[in-house]
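Peer 1: File run.cif follows (mmCIF, C-alpha atoms, pLDDT in the B column; chains and numbers go by the auth columns):
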data_final
loop_
_atom_site.group_PDB
_atom_site.id
_atom_site.type_symbol
_atom_site.label_atom_id
_atom_site.label_comp_id
_atom_site.label_asym_id
_atom_site.label_seq_id
_atom_site.Cartn_x
_atom_site.Cartn_y
_atom_site.Cartn_z
_atom_site.B_iso_or_equiv
_atom_site.auth_seq_id
_atom_site.auth_asym_id
ATOM 1 C CA MET A 1 -0.140 36.627 48.972 39.00 1 L
ATOM 2 C CA THR A 2 2.576 33.959 48.837 38.00 2 L
ATOM 3 C CA TYR A 3 3.503 31.819 51.812 36.00 3 L
ATOM 4 C CA HIS A 4 6.712 29.833 52.092 34.00 4 L
ATOM 5 C CA LEU A 5 7.165 26.821 54.325 35.00 5 L
ATOM 6 C CA VAL A 6 10.696 26.289 55.580 34.00 6 L
ATOM 7 C CA LEU A 7 11.519 22.867 57.000 39.00 7 L
ATOM 8 C CA THR A 8 14.579 22.567 59.216 40.00 8 L
ATOM 9 C CA LEU A 9 16.320 19.305 58.358 46.00 9 L
ATOM 10 C CA PHE A 10 18.865 19.368 61.163 46.00 10 L
ATOM 11 C CA MET A 11 19.724 20.643 64.628 52.00 11 L
ATOM 12 C CA ILE A 12 23.227 21.059 66.009 54.00 12 L
ATOM 13 C CA CYS A 13 24.470 21.150 69.603 56.00 13 L
ATOM 14 C CA VAL A 14 27.996 21.286 70.970 56.00 14 L
ATOM 15 C CA HIS A 15 28.601 19.253 74.135 55.00 15 L
ATOM 16 C CA GLY A 16 32.212 19.440 75.339 60.00 16 L
ATOM 17 C CA ASP A 17 34.114 16.852 73.321 70.00 17 L
ATOM 18 C CA GLU A 18 31.414 16.187 70.735 84.00 18 L
ATOM 19 C CA ILE A 19 29.009 17.753 68.309 90.00 19 L
ATOM 20 C CA ARG A 20 25.477 16.375 68.090 93.00 20 L
ATOM 21 C CA ILE A 21 23.501 16.840 64.916 94.00 21 L
ATOM 22 C CA GLN A 22 19.941 15.680 64.434 95.00 22 L
ATOM 23 C CA THR A 23 19.005 15.018 60.821 96.00 23 L
ATOM 24 C CA LEU A 24 15.370 14.620 59.956 96.00 24 L
ATOM 25 C CA ASN A 25 14.103 12.394 57.178 95.00 25 L
ATOM 26 C CA SER A 26 15.149 13.960 53.852 95.00 26 L
ATOM 27 C CA GLY A 27 12.591 11.851 52.009 94.00 27 L
ATOM 28 C CA GLU A 28 13.054 9.280 49.290 94.00 28 L
ATOM 29 C CA THR A 29 16.342 10.603 47.999 92.00 29 L
ATOM 30 C CA ASP A 30 19.843 9.368 47.250 90.00 30 L
ATOM 31 C CA SER A 31 22.254 9.671 44.327 89.00 31 L
ATOM 32 C CA PHE A 32 20.369 7.017 42.347 83.00 32 L
ATOM 33 C CA VAL A 33 17.108 8.987 42.297 87.00 33 L
ATOM 34 C CA ASN A 34 18.316 12.588 42.641 89.00 34 L
ATOM 35 C CA PRO A 35 21.233 13.970 40.590 84.00 35 L
ATOM 36 C CA ASN A 36 21.430 16.969 42.967 90.00 36 L
ATOM 37 C CA VAL A 37 21.298 14.894 46.148 94.00 37 L
ATOM 38 C CA PHE A 38 24.056 17.062 47.654 91.00 38 L
ATOM 39 C CA ASP A 39 21.365 19.705 48.284 93.00 39 L
ATOM 40 C CA ASP A 40 19.751 17.352 50.834 96.00 40 L
ATOM 41 C CA TYR A 41 22.890 16.902 52.936 96.00 41 L
ATOM 42 C CA THR A 42 23.993 18.813 56.030 95.00 42 L
ATOM 43 C CA SER A 43 27.512 20.058 55.248 93.00 43 L
ATOM 44 C CA LEU A 44 29.791 19.678 58.244 91.00 44 L
ATOM 45 C CA SER A 45 32.010 22.535 57.047 88.00 45 L
ATOM 46 C CA ASP A 46 29.107 24.931 57.709 86.00 46 L
ATOM 47 C CA TYR A 47 29.720 24.169 61.398 79.00 47 L
ATOM 48 C CA SER A 48 33.530 24.424 61.314 82.00 48 L
ATOM 49 C CA VAL A 49 34.018 20.668 61.038 83.00 49 L
ATOM 50 C CA PHE A 50 36.671 20.243 58.340 82.00 50 L
ATOM 51 C CA LEU A 51 37.344 16.552 57.900 82.00 51 L
ATOM 52 C CA SER A 52 38.989 16.663 54.479 79.00 52 L
ATOM 53 C CA GLU A 53 42.374 17.557 55.980 81.00 53 L
ATOM 54 C CA LYS A 54 42.237 14.736 58.547 88.00 54 L
ATOM 55 C CA GLN A 55 40.772 12.201 56.080 93.00 55 L
ATOM 56 C CA PHE A 56 39.068 10.633 59.073 92.00 56 L
ATOM 57 C CA PHE A 57 35.599 10.742 60.585 88.00 57 L
ATOM 58 C CA ARG A 58 34.555 8.921 63.795 95.00 58 L
ATOM 59 C CA PHE A 59 30.917 9.124 64.775 97.00 59 L
ATOM 60 C CA GLU A 60 28.002 7.504 66.522 97.00 60 L
ATOM 61 C CA ILE A 61 24.608 7.338 64.850 98.00 61 L
ATOM 62 C CA LYS A 62 21.217 6.407 66.214 98.00 62 L
ATOM 63 C CA ALA A 63 18.875 5.779 63.287 98.00 63 L
ATOM 64 C CA CYS A 64 16.593 2.922 62.284 98.00 64 L
ATOM 65 C CA HIS A 65 18.012 2.784 58.744 98.00 65 L
ATOM 66 C CA ASP A 66 19.352 4.846 55.829 98.00 66 L
ATOM 67 C CA ALA A 67 22.124 6.968 57.376 98.00 67 L
ATOM 68 C CA PHE A 68 24.070 8.670 54.584 98.00 68 L
ATOM 69 C CA ILE A 69 27.570 10.152 54.352 97.00 69 L
ATOM 70 C CA LEU A 70 28.652 12.223 51.363 97.00 70 L
ATOM 71 C CA LEU A 71 32.353 12.597 50.581 96.00 71 L
ATOM 72 C CA SER A 72 32.403 15.394 48.028 96.00 72 L
ATOM 73 C CA SER A 73 35.058 16.935 45.811 95.00 73 L
ATOM 74 C CA ALA A 74 33.649 20.374 46.826 96.00 74 L
ATOM 75 C CA ILE A 75 33.818 21.857 50.315 93.00 75 L
ATOM 76 C CA ASP A 76 30.173 23.043 50.003 94.00 76 L
ATOM 77 C CA LEU A 77 29.211 19.567 48.665 96.00 77 L
ATOM 78 C CA LYS A 78 27.804 21.034 45.412 95.00 78 L
ATOM 79 C CA SER A 79 29.723 18.864 42.974 94.00 79 L
ATOM 80 C CA ASP A 80 28.750 16.112 40.591 91.00 80 L
ATOM 81 C CA ASP A 81 31.823 14.179 41.787 94.00 81 L
ATOM 82 C CA PHE A 82 31.351 12.411 45.120 95.00 82 L
ATOM 83 C CA TYR A 83 31.156 9.184 47.067 96.00 83 L
ATOM 84 C CA GLU A 84 27.892 8.406 48.844 96.00 84 L
ATOM 85 C CA ILE A 85 27.737 5.819 51.609 97.00 85 L
ATOM 86 C CA CYS A 86 24.366 4.570 52.818 98.00 86 L
ATOM 87 C CA ILE A 87 24.545 2.610 56.063 98.00 87 L
ATOM 88 C CA GLY A 88 21.488 0.444 56.767 98.00 88 L
ATOM 89 C CA GLY A 89 19.796 0.831 53.397 97.00 89 L
ATOM 90 C CA SER A 90 17.097 -1.484 52.053 96.00 90 L
ATOM 91 C CA GLY A 91 15.338 -1.659 55.418 96.00 91 L
ATOM 92 C CA ASN A 92 18.580 -1.892 57.452 98.00 92 L
ATOM 93 C CA LYS A 93 19.815 -4.887 55.458 98.00 93 L
ATOM 94 C CA LYS A 94 22.577 -3.449 53.260 98.00 94 L
ATOM 95 C CA THR A 95 25.319 -0.842 53.099 98.00 95 L
ATOM 96 C CA PHE A 96 25.975 0.894 49.801 96.00 96 L
ATOM 97 C CA LEU A 97 28.996 2.759 48.460 96.00 97 L
ATOM 98 C CA ARG A 98 28.179 4.824 45.394 95.00 98 L
ATOM 99 C CA ARG A 99 30.700 6.684 43.288 94.00 99 L
ATOM 100 C CA LYS A 100 29.258 9.538 41.245 89.00 100 L
ATOM 101 C CA TYR A 101 31.477 10.776 38.440 79.00 101 L
ATOM 102 C CA ASN A 102 29.514 11.303 35.217 70.00 102 L
ATOM 103 C CA ASP A 103 27.544 8.181 36.196 72.00 103 L
ATOM 104 C CA VAL A 104 26.653 6.273 39.355 71.00 104 L
ATOM 105 C CA ASN A 105 28.538 3.076 40.158 83.00 105 L
ATOM 106 C CA GLN A 106 27.558 1.089 43.222 89.00 106 L
ATOM 107 C CA ILE A 107 29.015 -1.515 45.576 93.00 107 L
ATOM 108 C CA VAL A 108 26.597 -3.355 47.873 95.00 108 L
ATOM 109 C CA MET A 109 27.451 -5.186 51.110 96.00 109 L
ATOM 110 C CA SER A 110 25.073 -7.316 53.162 97.00 110 L
ATOM 111 C CA THR A 111 24.912 -5.763 56.648 97.00 111 L
ATOM 112 C CA PRO A 112 21.707 -6.901 58.379 97.00 112 L
ATOM 113 C CA ASN A 113 20.710 -4.839 61.411 97.00 113 L
ATOM 114 C CA ILE A 114 23.820 -2.620 61.244 98.00 114 L
ATOM 115 C CA LEU A 115 21.878 0.295 62.784 98.00 115 L
ATOM 116 C CA GLY A 116 19.543 0.430 65.755 95.00 116 L
ATOM 117 C CA CYS A 117 16.472 2.564 66.395 96.00 117 L
ATOM 118 C CA THR A 118 17.149 2.803 70.127 96.00 118 L
ATOM 119 C CA GLU A 119 20.913 2.366 70.460 95.00 119 L
ATOM 120 C CA LYS A 120 23.887 4.195 69.011 97.00 120 L
ATOM 121 C CA SER A 121 26.204 2.496 66.539 98.00 121 L
ATOM 122 C CA THR A 122 29.820 3.660 66.322 98.00 122 L
ATOM 123 C CA PHE A 123 31.711 3.913 63.038 98.00 123 L
ATOM 124 C CA GLN A 124 34.983 5.176 61.656 97.00 124 L
ATOM 125 C CA ILE A 125 35.494 6.178 58.067 97.00 125 L
ATOM 126 C CA ARG A 126 38.896 6.891 56.524 97.00 126 L
ATOM 127 C CA TRP A 127 39.859 7.901 53.028 97.00 127 L
ATOM 128 C CA THR A 128 43.221 8.377 51.376 95.00 128 L
ATOM 129 C CA LEU A 129 44.545 10.391 48.480 93.00 129 L
ATOM 130 C CA ASP A 130 45.120 7.153 46.560 94.00 130 L
ATOM 131 C CA GLY A 131 41.354 6.488 46.604 94.00 131 L
ATOM 132 C CA THR A 132 40.947 3.997 49.458 96.00 132 L
ATOM 133 C CA ILE A 133 37.742 4.230 51.480 97.00 133 L
ATOM 134 C CA HIS A 134 37.605 2.239 54.698 97.00 134 L
ATOM 135 C CA LEU A 135 34.483 2.037 56.908 98.00 135 L
ATOM 136 C CA VAL A 136 34.489 0.030 60.135 98.00 136 L
ATOM 137 C CA LYS A 137 31.887 -0.531 62.807 98.00 137 L
ATOM 138 C CA GLU A 138 33.127 -0.519 66.399 97.00 138 L
ATOM 139 C CA SER A 139 31.607 -2.564 69.189 93.00 139 L
ATOM 140 C CA ALA A 140 32.553 -3.887 72.627 91.00 140 L
ATOM 141 C CA VAL A 141 34.049 -7.001 71.006 92.00 141 L
ATOM 142 C CA GLY A 142 36.175 -5.171 68.431 95.00 142 L
ATOM 143 C CA THR A 143 35.856 -3.724 64.952 96.00 143 L
ATOM 144 C CA GLU A 144 34.191 -5.086 61.849 97.00 144 L
ATOM 145 C CA THR A 145 35.260 -3.905 58.405 97.00 145 L
ATOM 146 C CA ILE A 146 32.216 -2.900 56.378 98.00 146 L
ATOM 147 C CA ILE A 147 33.913 -1.253 53.375 97.00 147 L
ATOM 148 C CA ASP A 148 37.508 -1.583 52.219 97.00 148 L
ATOM 149 C CA TRP A 149 37.631 -0.360 48.627 96.00 149 L
ATOM 150 C CA THR A 150 40.071 1.501 46.412 95.00 150 L
ATOM 151 C CA ASP A 151 38.938 3.697 43.540 94.00 151 L
ATOM 152 C CA SER A 152 41.147 3.377 40.455 92.00 152 L
ATOM 153 C CA ILE A 153 40.396 7.028 39.585 91.00 153 L
ATOM 154 C CA PRO A 154 40.157 8.647 43.030 94.00 154 L
ATOM 155 C CA LEU A 155 38.358 11.869 43.843 94.00 155 L
ATOM 156 C CA LEU A 156 39.973 14.510 46.041 95.00 156 L
ATOM 157 C CA ILE A 157 37.639 14.824 49.044 95.00 157 L
ATOM 158 C CA GLN A 158 37.049 18.446 50.090 95.00 158 L
ATOM 159 C CA GLY A 159 33.697 18.308 51.910 95.00 159 L
ATOM 160 C CA VAL A 160 31.715 15.903 54.092 95.00 160 L
ATOM 161 C CA GLY A 161 27.950 15.827 54.550 96.00 161 L
ATOM 162 C CA ILE A 162 25.442 13.734 56.475 97.00 162 L
ATOM 163 C CA MET A 163 21.732 13.009 56.145 97.00 163 L
ATOM 164 C CA THR A 164 19.060 10.449 56.909 98.00 164 L
ATOM 165 C CA GLY A 165 16.313 9.515 54.501 97.00 165 L
ATOM 166 C CA TRP A 166 13.741 7.041 53.278 96.00 166 L
ATOM 167 C CA GLY A 167 11.609 7.531 56.404 96.00 167 L
ATOM 168 C CA SER A 168 14.407 7.640 58.987 97.00 168 L
ATOM 169 C CA ASP A 169 15.582 10.417 61.317 97.00 169 L
ATOM 170 C CA GLY A 170 18.997 10.287 62.953 97.00 170 L
ATOM 171 C CA ILE A 171 21.091 11.623 65.781 97.00 171 L
ATOM 172 C CA TRP A 172 24.789 11.914 64.905 97.00 172 L
ATOM 173 C CA ILE A 173 27.509 12.377 67.508 95.00 173 L
ATOM 174 C CA ILE A 174 30.779 13.521 65.987 92.00 174 L
ATOM 175 C CA GLU A 175 33.891 13.381 68.144 84.00 175 L
ATOM 176 C CA SER A 176 35.642 16.707 68.557 59.00 176 L
ATOM 177 C CA SER A 177 38.959 15.073 67.657 60.00 177 L
ATOM 178 C CA SER A 178 37.450 14.796 64.177 45.00 178 L
ATOM 179 C CA LYS A 179 36.951 18.584 64.095 46.00 179 L
#
Would you write the structure of this file as structure tokens?
Peer 2:
Amino acid sequence: MTYHLVLTLFMICVHGDEIRIQTLNSGETDSFVNPNVFDDYTSLSDYSVFLSEKQFFRFEIKACHDAFILLSSAIDLKSDDFYEICIGGSGNKKTFLRRKYNDVNQIVMSTPNILGCTEKSTFQIRWTLDGTIHLVKESAVGTETIIDWTDSIPLLIQGVGIMTGWGSDGIWIIESSSK
């Protein structure tokens, strides 16, 4: 007799103007260690959240570290061509932008304590057809640019995914205006 264990890696709830998604720790995975990392992501298009047309994503996240966003060239995320953003990596000390296209290239920014275990952090991410990716953190005192980068050979973003990993769970709140 064969038994299969199924682990649910996310929960989704709709609350008026927002969608809440809980992502559980996906383990020690990212595009550096797993060439098929897109399998670990929760695709927002599965829940009728299509951000590729708006090229904009505003969200709150409560996680201790390692909150990931995947901007994929496939709507179902299953493509070898994508951008991966890790907010609060390396023990909540750094933010990474990785571009996967036949190889992994990485940009690293120092962002100590960008996430909080007990409080929500608010971010906006924008991308353009010319390859610009812009990530800002919002706070009561204003906005702080975390990433402002332009890819010389841009990918056409079709799908967006989220996950948490490396020992961290997360609660994501996605504004309905992003839907």
Peer 1: Tell me which residues come within 10 Å of (24.9, -2.5, 64.3), as a compact mmCIF listing (two decimals) with C-alpha atoms, keeping the file's coordinate frame, counting only C-alpha atoms in the file's coordinates.
Peer 2:
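As written to disk, part27.txt reads:
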# COMPACT_ATOMS: atom_id res chain seq x y z
CA ILE L 61 24.61 7.34 64.85
CA LYS L 62 21.22 6.41 66.21
CA ILE L 87 24.54 2.61 56.06
CA GLY L 88 21.49 0.44 56.77
CA ASN L 92 18.58 -1.89 57.45
CA THR L 111 24.91 -5.76 56.65
CA PRO L 112 21.71 -6.90 58.38
CA ASN L 113 20.71 -4.84 61.41
CA ILE L 114 23.82 -2.62 61.24
CA LEU L 115 21.88 0.30 62.78
CA GLY L 116 19.54 0.43 65.76
CA GLU L 119 20.91 2.37 70.46
CA LYS L 120 23.89 4.20 69.01
CA SER L 121 26.20 2.50 66.54
CA THR L 122 29.82 3.66 66.32
CA PHE L 123 31.71 3.91 63.04
CA LYS L 137 31.89 -0.53 62.81
CA GLU L 138 33.13 -0.52 66.40
CA SER L 139 31.61 -2.56 69.19
CA GLU L 144 34.19 -5.09 61.85
Peer 1: Name every residue that the PyMOL selection byres ((chain L and resi 125-127) around 6) selects in this structure, writing the answer as a PyMOL selection string with chains first and numbers rising.
Peer 2: chain L and resi 55-57+124+128+132-135
Peer 1: Which residues come within 8 Å of Ile174 in chain L, counting all atoms listed in the file, excluding same-chain residues fewer than 2 positions away, as a list in words?
Peer 2: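 Residues near the query, excluding close chain neighbours: Glu18, Ile19, Arg20, Phe57, Arg58, Phe59, Glu60, Trp172, Ser176 and Ser178 of chain L.
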Peer 1: Just checking: using only C-alpha atoms, which residue out of L:Asn36, L:Gln158, L:Ser26, L:Thr118 ends up closest to Asp80 in chain L?
Peer 2: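 Ranking L:Asn36, L:Gln158, L:Ser26, L:Thr118 by distance to Asp80 in chain L, first place goes to L:Asn36.
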Peer 1: Could the centre and edge lengths of an axis-aligned box, enclosing all atoms of range 33-39 of chain L in the file with 6 Å extra on each side, be given in Å to one decimal as AutoDock Vina command-line options?
Peer 2:
--center_x 20.6 --center_y 14.3 --center_z 44.4 --size_x 18.9 --size_y 22.7 --size_z 19.7
Peer 1: Within 8 Å of range 68-75 of chain L, counting only C-alpha atoms, which residues show up once you throw out same-chain ones fewer than 6 positions away? Write them as an NGL selection string, please.
Peer 2: :L and (38 or 41 or 45 or 81-87 or 155-165)
Peer 1: What would the file look like if the residues just selected were written as a PDB file, in the frame of the given file with C-alpha atoms?
Peer 2:
ATOM      1  CA  PHE L  38      24.056  17.062  47.654  1.00 91.00           C
ATOM      2  CA  TYR L  41      22.890  16.902  52.936  1.00 96.00           C
ATOM      3  CA  SER L  45      32.010  22.535  57.047  1.00 88.00           C
ATOM      4  CA  ASP L  81      31.823  14.179  41.787  1.00 94.00           C
ATOM      5  CA  PHE L  82      31.351  12.411  45.120  1.00 95.00           C
ATOM      6  CA  TYR L  83      31.156   9.184  47.067  1.00 96.00           C
ATOM      7  CA  GLU L  84      27.892   8.406  48.844  1.00 96.00           C
ATOM      8  CA  ILE L  85      27.737   5.819  51.609  1.00 97.00           C
ATOM      9  CA  CYS L  86      24.366   4.570  52.818  1.00 98.00           C
ATOM     10  CA  ILE L  87      24.545   2.610  56.063  1.00 98.00           C
ATOM     11  CA  LEU L 155      38.358  11.869  43.843  1.00 94.00           C
ATOM     12  CA  LEU L 156      39.973  14.510  46.041  1.00 95.00           C
ATOM     13  CA  ILE L 157      37.639  14.824  49.044  1.00 95.00           C
ATOM     14  CA  GLN L 158      37.049  18.446  50.090  1.00 95.00           C
ATOM     15  CA  GLY L 159      33.697  18.308  51.910  1.00 95.00           C
ATOM     16  CA  VAL L 160      31.715  15.903  54.092  1.00 95.00           C
ATOM     17  CA  GLY L 161      27.950  15.827  54.550  1.00 96.00           C
ATOM     18  CA  ILE L 162      25.442  13.734  56.475  1.00 97.00           C
ATOM     19  CA  MET L 163      21.732  13.009  56.145  1.00 97.00           C
ATOM     20  CA  THR L 164      19.060  10.449  56.909  1.00 98.00           C
ATOM     21  CA  GLY L 165      16.313   9.515  54.501  1.00 97.00           C
TER      22      GLY L 165
END
Peer 1: Go through L:Val33, L:Asn102, L:Asp40, L:Thr95 and flag the residue nearest Ile147 in chain L, using all atoms listed in the file for the distances.
Peer 2: L:Thr95
Peer 1: Please, what distance in Å, to one decimal, runs between CA of Ile171 in chain L and CA of Arg99 in chain L?
Peer 2: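 Atom-to-atom, CA of Ile171 in chain L and CA of Arg99 in chain L are spaced 25.0 Å apart.
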Peer 1: Just the residues within 9 Å of Ser168 in chain L, please, counting all atoms listed in the file, with nothing from its chain fewer than 6 positions along; format it as a PyMOL selection string.
Peer 2: chain L and resi 23-27+63-67
Peer 1: Would you mind telling me which residue in L:Glu53, L:Glu175, L:Asp130, L:Asp30 lies nearest to Pro154 in chain L when using all atoms listed in the file?
Peer 2: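 For Pro154 in chain L, the nearest of the candidates is L:Asp130.
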Peer 1: Looking at only C-alpha atoms, which of L:Gly91, L:Leu77, L:Val49, L:Phe32 is the one that sits closest to Asn105 in chain L?
Peer 2: L:Phe32
Peer 1: Of the candidates L:Ile146, L:Ile153, L:Cys117, L:Val108, which one gets nearest to Gly131 in chain L if we count only C-alpha atoms?
Peer 2: L:Ile153
Peer 1: Please measure the separation of CA of Tyr47 in chain L and CA of Ile21 in chain L, giving the value in Å to one decimal.
Peer 2: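 We find that CA of Tyr47 in chain L and CA of Ile21 in chain L lie 10.2 Å from each other.
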Peer 1: Tell me, in Å to one decimal, how far CA of Asn34 in chain L is from CA of Asp103 in chain L.
Peer 2: 12.1 Å
